[in-house]
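Dumped upload.cif below, it's mmCIF, C-alpha atoms:
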```cif
data_coords
loop_
_atom_site.group_PDB
_atom_site.id
_atom_site.type_symbol
_atom_site.label_atom_id
_atom_site.label_comp_id
_atom_site.auth_asym_id
_atom_site.auth_seq_id
_atom_site.Cartn_x
_atom_site.Cartn_y
_atom_site.Cartn_z
ATOM 1 C CA MET E 199 12.214 20.145 -6.415
ATOM 2 C CA GLY E 200 14.084 20.441 -3.115
ATOM 3 C CA ASN E 201 16.060 17.715 -1.392
ATOM 4 C CA ARG E 202 13.152 16.733 0.888
ATOM 5 C CA ASP E 203 10.754 16.223 -2.012
ATOM 6 C CA ALA E 204 13.440 14.467 -4.040
ATOM 7 C CA LEU E 205 14.018 12.074 -1.138
ATOM 8 C CA ILE E 206 10.307 11.277 -0.862
ATOM 9 C CA GLU E 207 10.022 10.568 -4.584
ATOM 10 C CA ALA E 208 13.231 8.519 -4.523
ATOM 11 C CA ALA E 209 11.992 6.505 -1.539
ATOM 12 C CA LYS E 210 8.742 5.739 -3.381
ATOM 13 C CA GLN E 211 10.738 4.610 -6.402
ATOM 14 C CA CYS E 212 13.030 2.447 -4.264
ATOM 15 C CA LEU E 213 10.045 0.876 -2.498
ATOM 16 C CA THR E 214 8.679 -0.035 -5.918
ATOM 17 C CA ASP E 215 11.995 -1.245 -7.299
ATOM 18 C CA ARG E 216 13.544 -2.931 -4.257
ATOM 19 C CA GLY E 217 10.881 -3.283 -1.586
ATOM 20 C CA TRP E 218 11.021 -2.223 2.050
ATOM 21 C CA ALA E 219 13.660 -4.597 3.352
ATOM 22 C CA ARG E 220 16.122 -4.191 0.487
ATOM 23 C CA THR E 221 15.997 -0.388 0.205
ATOM 24 C CA THR E 222 19.098 1.181 1.703
ATOM 25 C CA VAL E 223 19.995 4.755 2.604
ATOM 26 C CA ARG E 224 22.458 4.729 -0.274
ATOM 27 C CA ASP E 225 19.795 3.547 -2.739
ATOM 28 C CA ILE E 226 17.494 6.402 -1.775
ATOM 29 C CA ALA E 227 20.232 9.049 -1.772
ATOM 30 C CA PHE E 228 21.580 7.874 -5.139
ATOM 31 C CA THR E 229 18.095 7.863 -6.688
ATOM 32 C CA ALA E 230 17.384 11.338 -5.274
ATOM 33 C CA GLY E 231 20.778 12.659 -6.347
ATOM 34 C CA VAL E 232 21.625 13.897 -2.854
ATOM 35 C CA ASN E 233 24.080 13.070 -0.094
ATOM 36 C CA HIS E 234 22.795 10.306 2.211
ATOM 37 C CA ALA E 235 23.153 12.699 5.188
ATOM 38 C CA ALA E 236 20.131 14.561 3.783
ATOM 39 C CA ILE E 237 17.923 11.672 4.897
ATOM 40 C CA GLY E 238 18.907 12.195 8.513
ATOM 41 C CA TYR E 239 18.556 15.949 8.192
ATOM 42 C CA HIS E 240 15.053 15.868 6.705
ATOM 43 C CA PHE E 241 13.587 12.678 8.211
ATOM 44 C CA GLY E 242 15.828 11.509 11.040
ATOM 45 C CA SER E 243 16.173 7.981 9.694
ATOM 46 C CA ARG E 244 15.699 5.692 6.713
ATOM 47 C CA GLU E 245 12.711 4.129 8.444
ATOM 48 C CA SER E 246 10.967 7.485 8.979
ATOM 49 C CA LEU E 247 11.493 8.395 5.336
ATOM 50 C CA LEU E 248 10.218 5.017 4.129
ATOM 51 C CA ILE E 249 7.163 5.293 6.376
ATOM 52 C CA TYR E 250 6.393 8.737 4.996
ATOM 53 C CA ALA E 251 6.919 7.612 1.393
ATOM 54 C CA LEU E 252 4.864 4.427 1.797
ATOM 55 C CA VAL E 253 1.920 6.215 3.394
ATOM 56 C CA GLU E 254 2.010 8.920 0.711
ATOM 57 C CA ALA E 255 2.192 6.343 -2.098
ATOM 58 C CA VAL E 256 -0.732 4.365 -0.664
ATOM 59 C CA GLU E 257 -2.801 7.541 -0.261
ATOM 60 C CA GLU E 258 -2.096 8.466 -3.889
ATOM 61 C CA LEU E 259 -3.146 4.990 -5.013
ATOM 62 C CA SER E 260 -6.295 5.149 -2.864
ATOM 63 C CA ASP E 261 -7.233 8.512 -4.367
ATOM 64 C CA THR E 262 -6.726 7.153 -7.880
ATOM 65 C CA VAL E 263 -8.888 4.098 -7.189
ATOM 66 C CA ALA E 264 -11.573 6.193 -5.477
ATOM 67 C CA ASP E 265 -11.777 8.549 -8.467
ATOM 68 C CA LYS E 266 -11.920 5.619 -10.880
ATOM 69 C CA ALA E 267 -14.590 3.690 -8.955
ATOM 70 C CA ARG E 268 -16.662 6.509 -7.486
ATOM 71 C CA ASP E 269 -19.750 6.036 -9.658
ATOM 72 C CA GLY E 270 -19.328 2.358 -10.433
ATOM 73 C CA THR E 271 -21.331 -0.648 -9.387
ATOM 74 C CA PRO E 272 -20.095 -2.674 -6.399
ATOM 75 C CA GLU E 273 -18.540 -5.118 -8.856
ATOM 76 C CA GLU E 274 -16.716 -2.301 -10.654
ATOM 77 C CA ARG E 275 -15.489 -0.775 -7.379
ATOM 78 C CA TRP E 276 -14.061 -4.110 -6.207
ATOM 79 C CA GLN E 277 -12.526 -4.712 -9.626
ATOM 80 C CA ALA E 278 -10.833 -1.292 -9.538
ATOM 81 C CA LEU E 279 -9.187 -2.311 -6.254
ATOM 82 C CA ILE E 280 -8.289 -5.761 -7.542
ATOM 83 C CA ASP E 281 -6.687 -4.268 -10.660
ATOM 84 C CA THR E 282 -4.165 -2.448 -8.454
ATOM 85 C CA PHE E 283 -2.766 -5.795 -7.273
ATOM 86 C CA GLY E 284 -1.271 -6.155 -10.745
ATOM 87 C CA THR E 285 -0.574 -2.538 -11.644
ATOM 88 C CA HIS E 286 0.928 -1.683 -8.240
ATOM 89 C CA ARG E 287 2.132 -5.103 -7.117
ATOM 90 C CA ALA E 288 5.414 -3.789 -5.690
ATOM 91 C CA LEU E 289 3.574 -1.239 -3.548
ATOM 92 C CA TRP E 290 1.308 -3.930 -2.080
ATOM 93 C CA ILE E 291 4.336 -6.092 -1.329
ATOM 94 C CA ALA E 292 6.091 -3.135 0.306
ATOM 95 C CA GLN E 293 3.045 -2.730 2.556
ATOM 96 C CA LEU E 294 3.298 -6.362 3.604
ATOM 97 C CA GLU E 295 6.996 -5.970 4.321
ATOM 98 C CA ALA E 296 6.267 -2.835 6.347
ATOM 99 C CA ALA E 297 3.603 -4.680 8.346
ATOM 100 C CA VAL E 298 6.185 -7.270 9.361
ATOM 101 C CA GLN E 299 8.688 -4.541 10.282
ATOM 102 C CA ALA E 300 6.024 -2.810 12.406
ATOM 103 C CA GLU E 301 6.521 -5.524 15.012
ATOM 104 C CA HIS E 302 9.825 -3.838 15.847
ATOM 105 C CA SER E 303 8.929 -0.188 15.257
ATOM 106 C CA PRO E 304 6.310 1.671 17.308
ATOM 107 C CA GLU E 305 6.456 4.589 14.848
ATOM 108 C CA LEU E 306 5.767 2.354 11.865
ATOM 109 C CA ARG E 307 3.062 0.468 13.747
ATOM 110 C CA GLU E 308 1.243 3.710 14.590
ATOM 111 C CA ARG E 309 1.465 5.059 11.037
ATOM 112 C CA LEU E 310 0.177 1.780 9.597
ATOM 113 C CA ALA E 311 -2.584 1.654 12.221
ATOM 114 C CA ALA E 312 -3.653 5.179 11.275
ATOM 115 C CA ALA E 313 -3.661 4.214 7.594
ATOM 116 C CA GLN E 314 -5.685 1.106 8.449
ATOM 117 C CA ARG E 315 -8.260 3.200 10.318
ATOM 118 C CA GLN E 316 -8.492 5.485 7.305
ATOM 119 C CA GLY E 317 -8.874 2.447 5.039
ATOM 120 C CA ARG E 318 -11.724 1.075 7.163
ATOM 121 C CA GLU E 319 -13.455 4.418 6.898
ATOM 122 C CA GLY E 320 -12.919 4.661 3.141
ATOM 123 C CA LEU E 321 -14.060 1.100 2.458
ATOM 124 C CA GLY E 322 -17.068 1.247 4.754
ATOM 125 C CA GLY E 323 -15.956 -0.914 7.668
ATOM 126 C CA SER E 324 -13.751 -3.676 8.985
ATOM 127 C CA VAL E 325 -15.227 -6.467 6.870
ATOM 128 C CA PRO E 326 -14.448 -4.826 3.498
ATOM 129 C CA LEU E 327 -10.918 -4.082 4.744
ATOM 130 C CA ALA E 328 -10.483 -7.711 5.799
ATOM 131 C CA VAL E 329 -11.798 -8.870 2.414
ATOM 132 C CA LEU E 330 -9.400 -6.511 0.662
ATOM 133 C CA SER E 331 -6.463 -7.861 2.682
ATOM 134 C CA GLY E 332 -7.420 -11.431 1.868
ATOM 135 C CA LEU E 333 -7.863 -10.630 -1.813
ATOM 136 C CA MET E 334 -4.460 -8.995 -1.882
ATOM 137 C CA MET E 335 -2.838 -12.128 -0.498
ATOM 138 C CA GLN E 336 -4.663 -14.335 -2.998
ATOM 139 C CA TRP E 337 -3.666 -12.121 -5.919
ATOM 140 C CA LEU E 338 -0.043 -11.809 -4.860
ATOM 141 C CA ILE E 339 0.359 -15.558 -4.369
ATOM 142 C CA ASP E 340 -1.923 -17.073 -7.026
ATOM 143 C CA PRO E 341 -3.322 -14.440 -9.395
ATOM 144 C CA ASP E 342 -4.562 -17.004 -11.916
ATOM 145 C CA HIS E 343 -7.063 -18.398 -9.414
ATOM 146 C CA ALA E 344 -7.992 -15.282 -7.431
ATOM 147 C CA PRO E 345 -11.542 -13.903 -7.713
ATOM 148 C CA ASP E 346 -12.579 -10.926 -9.776
ATOM 149 C CA GLY E 347 -14.861 -8.106 -8.635
ATOM 150 C CA ALA E 348 -18.061 -9.832 -9.699
ATOM 151 C CA GLN E 349 -17.181 -13.026 -7.820
ATOM 152 C CA VAL E 350 -16.287 -11.047 -4.684
ATOM 153 C CA VAL E 351 -19.662 -9.286 -4.681
ATOM 154 C CA ARG E 352 -21.572 -12.539 -5.366
ATOM 155 C CA GLU E 353 -19.843 -14.302 -2.499
ATOM 156 C CA LEU E 354 -20.232 -11.381 -0.077
ATOM 157 C CA ARG E 355 -23.958 -11.264 -0.863
ATOM 158 C CA ALA E 356 -24.279 -15.020 -0.437
ATOM 159 C CA HIS E 357 -22.507 -14.948 2.928
ATOM 160 C CA ALA E 358 -24.530 -11.958 4.090
ATOM 161 C CA THR E 359 -27.734 -13.979 3.795
ATOM 162 C CA GLU E 360 -26.218 -16.719 5.985
ATOM 163 C CA VAL E 361 -25.530 -14.417 8.928
#
```
Same coordinates, now as structure tokens:
Amino acid sequence: MGNRDALIEAAKQCLTDRGWARTTVRDIAFTAGVNHAAIGYHFGSRESLLIYALVEAVEELSDTVADKARDGTPEERWQALIDTFGTHRALWIAQLEAAVQAEHSPELRERLAAAQRQGREGLGGSVPLAVLSGLMMQWLIDPDHAPDGAQVVRELRAHATEV
């Protein structure tokens, strides 16, 4: 594995271990086993590397969930997504931290917007993406009282008849 790939993997690990805001150039370089100047050489900045690593990690998670839920019922597909809030909690939190940082970074904002557009497409529209975002917040804050996949589908069906 070359320095560039090592940096990407290290950045993913640091995002998981420390989150967006607390990951430093030194953390990434130490984890990758390279000089911190390699970050600038390969990515230009810590932020660019973290953006790249976050988007790649989310795409990998999305692919895993899609493979797992491809032939499932709606309840099973929602549950597969919900399960990632526990198994990949740190990655979801890193996404929230990145969303806050996007207010100050046009590059980050554009990359997150592109990922959001891709998410809308993959989930089948804006409403499922909004539901997913709301579920994520519920699970991160109060997992003991957050809905499961079956409850999500029941409530979406109930609300659909009201519209």
Starting from the shown file, work through the PyMOL selection byres ((chain E and resi 241) around 12) and note down what comes out as an MDAnalysis selection string. chainID E and resid 201:203 205:206 209 223 234:240 242:251
Store the residues picked out above, limited to C-alpha atoms, as a compact mmCIF listing (two decimals), in the frame of the given file.
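See result02.txt below for the written result:
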```txt
# COMPACT_ATOMS: atom_id res chain seq x y z
CA ASN E 201 16.06 17.72 -1.39
CA ARG E 202 13.15 16.73 0.89
CA ASP E 203 10.75 16.22 -2.01
CA LEU E 205 14.02 12.07 -1.14
CA ILE E 206 10.31 11.28 -0.86
CA ALA E 209 11.99 6.50 -1.54
CA VAL E 223 20.00 4.76 2.60
CA HIS E 234 22.80 10.31 2.21
CA ALA E 235 23.15 12.70 5.19
CA ALA E 236 20.13 14.56 3.78
CA ILE E 237 17.92 11.67 4.90
CA GLY E 238 18.91 12.20 8.51
CA TYR E 239 18.56 15.95 8.19
CA HIS E 240 15.05 15.87 6.70
CA GLY E 242 15.83 11.51 11.04
CA SER E 243 16.17 7.98 9.69
CA ARG E 244 15.70 5.69 6.71
CA GLU E 245 12.71 4.13 8.44
CA SER E 246 10.97 7.48 8.98
CA LEU E 247 11.49 8.40 5.34
CA LEU E 248 10.22 5.02 4.13
CA ILE E 249 7.16 5.29 6.38
CA TYR E 250 6.39 8.74 5.00
CA ALA E 251 6.92 7.61 1.39
```
Selected residue of minimal separation from E:Val232 among E:Val253, E:Ala292, E:Leu213, E:Met199, counting all atoms listed in the file: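 Ranking E:Val253, E:Ala292, E:Leu213, E:Met199 by distance to E:Val232, first place goes to E:Met199.
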Which residues, written as a ChimeraX atom specification, have at least one atom at most 8 Å from stretch 259-264 of chain E, with only C-alpha atoms counted and residues fewer than 3 positions away on the same chain left out? /E:255-256,267-268,278-279
If we count only C-alpha atoms, what is near E:Ile280 at a cut-off of 12 Å, once residues fewer than 4 positions away on the same chain are taken out, given as a CSV table (one decimal) with C-alpha atoms, in the frame of the given file?
```
chain,number,residue,atom,x,y,z
E,263,VAL,CA,-8.9,4.1,-7.2
E,267,ALA,CA,-14.6,3.7,-9.0
E,273,GLU,CA,-18.5,-5.1,-8.9
E,274,GLU,CA,-16.7,-2.3,-10.7
E,275,ARG,CA,-15.5,-0.8,-7.4
E,276,TRP,CA,-14.1,-4.1,-6.2
E,284,GLY,CA,-1.3,-6.2,-10.7
E,285,THR,CA,-0.6,-2.5,-11.6
E,286,HIS,CA,0.9,-1.7,-8.2
E,287,ARG,CA,2.1,-5.1,-7.1
E,290,TRP,CA,1.3,-3.9,-2.1
E,329,VAL,CA,-11.8,-8.9,2.4
E,330,LEU,CA,-9.4,-6.5,0.7
E,331,SER,CA,-6.5,-7.9,2.7
E,332,GLY,CA,-7.4,-11.4,1.9
E,333,LEU,CA,-7.9,-10.6,-1.8
E,334,MET,CA,-4.5,-9.0,-1.9
E,335,MET,CA,-2.8,-12.1,-0.5
E,336,GLN,CA,-4.7,-14.3,-3.0
E,337,TRP,CA,-3.7,-12.1,-5.9
E,338,LEU,CA,0.0,-11.8,-4.9
E,341,PRO,CA,-3.3,-14.4,-9.4
E,344,ALA,CA,-8.0,-15.3,-7.4
E,345,PRO,CA,-11.5,-13.9,-7.7
E,346,ASP,CA,-12.6,-10.9,-9.8
E,347,GLY,CA,-14.9,-8.1,-8.6
E,348,ALA,CA,-18.1,-9.8,-9.7
E,349,GLN,CA,-17.2,-13.0,-7.8
E,350,VAL,CA,-16.3,-11.0,-4.7
```
Nearest residue to E:Asp340 out of E:Phe283, E:Glu258, E:Asn233, E:Ser303, using only C-alpha atoms?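 Counting only C-alpha atoms, the residue closest to E:Asp340 is E:Phe283.
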I'd like the residues picked by the PyMOL selection byres ((chain E and resi 306-315) around 9) written out as JSON, numbers by chain, using the chain letters and numbers from the file. {"E": [245, 246, 249, 250, 253, 256, 257, 293, 296, 297, 299, 300, 301, 302, 303, 304, 305, 316, 317, 318, 319, 320, 324, 327]}
Here is a test: counting all atoms listed in the file, which residue of E:Ile339, E:Val351, E:Leu294, E:Ala208 is nearest to E:Gly231? E:Ala208
Please measure the separation of atom CA of E:Ala227 and atom CA of E:Cys212, giving the value in Å to one decimal.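 So the two atoms, atom CA of E:Ala227 and atom CA of E:Cys212, lie 10.1 Å apart.
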Take atom CA of E:Thr221 and atom CA of E:Ala204 and report the distance between them in Å, one decimal. 15.7 Å
Mind pulling up the distance from atom CA of E:Pro326 to atom CA of E:Glu254?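 Computed distance, atom CA of E:Glu254 to atom CA of E:Pro326, equals 21.6 Å.
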Assuming the input is short of atoms at stretch 222-234 of chain E, produce N, CA and C atoms for that part as a CSV table (one decimal), keeping the file's coordinate frame.
```
chain,number,residue,atom,x,y,z
E,222,THR,N,18.1,0.6,0.8
E,222,THR,CA,19.1,1.2,1.7
E,222,THR,C,19.1,2.7,1.6
E,223,VAL,N,19.8,3.3,2.6
E,223,VAL,CA,20.0,4.8,2.6
E,223,VAL,C,20.7,5.2,1.3
E,224,ARG,N,21.7,4.4,0.9
E,224,ARG,CA,22.5,4.7,-0.3
E,224,ARG,C,21.6,4.6,-1.5
E,225,ASP,N,20.7,3.7,-1.6
E,225,ASP,CA,19.8,3.5,-2.7
E,225,ASP,C,19.0,4.8,-2.9
E,226,ILE,N,18.4,5.2,-1.8
E,226,ILE,CA,17.5,6.4,-1.8
E,226,ILE,C,18.3,7.7,-2.2
E,227,ALA,N,19.4,7.9,-1.5
E,227,ALA,CA,20.2,9.0,-1.8
E,227,ALA,C,20.7,9.1,-3.2
E,228,PHE,N,21.1,7.9,-3.7
E,228,PHE,CA,21.6,7.9,-5.1
E,228,PHE,C,20.4,8.2,-6.1
E,229,THR,N,19.3,7.6,-5.8
E,229,THR,CA,18.1,7.9,-6.7
E,229,THR,C,17.7,9.3,-6.6
E,230,ALA,N,17.8,9.9,-5.4
E,230,ALA,CA,17.4,11.3,-5.3
E,230,ALA,C,18.5,12.3,-5.8
E,231,GLY,N,19.7,11.8,-5.9
E,231,GLY,CA,20.8,12.7,-6.3
E,231,GLY,C,21.3,13.6,-5.2
E,232,VAL,N,21.2,13.1,-4.0
E,232,VAL,CA,21.6,13.9,-2.9
E,232,VAL,C,22.6,13.1,-2.0
E,233,ASN,N,23.2,13.7,-1.1
E,233,ASN,CA,24.1,13.1,-0.1
E,233,ASN,C,23.2,12.3,0.9
E,234,HIS,N,23.6,11.1,1.3
E,234,HIS,CA,22.8,10.3,2.2
E,234,HIS,C,22.6,11.0,3.6
```
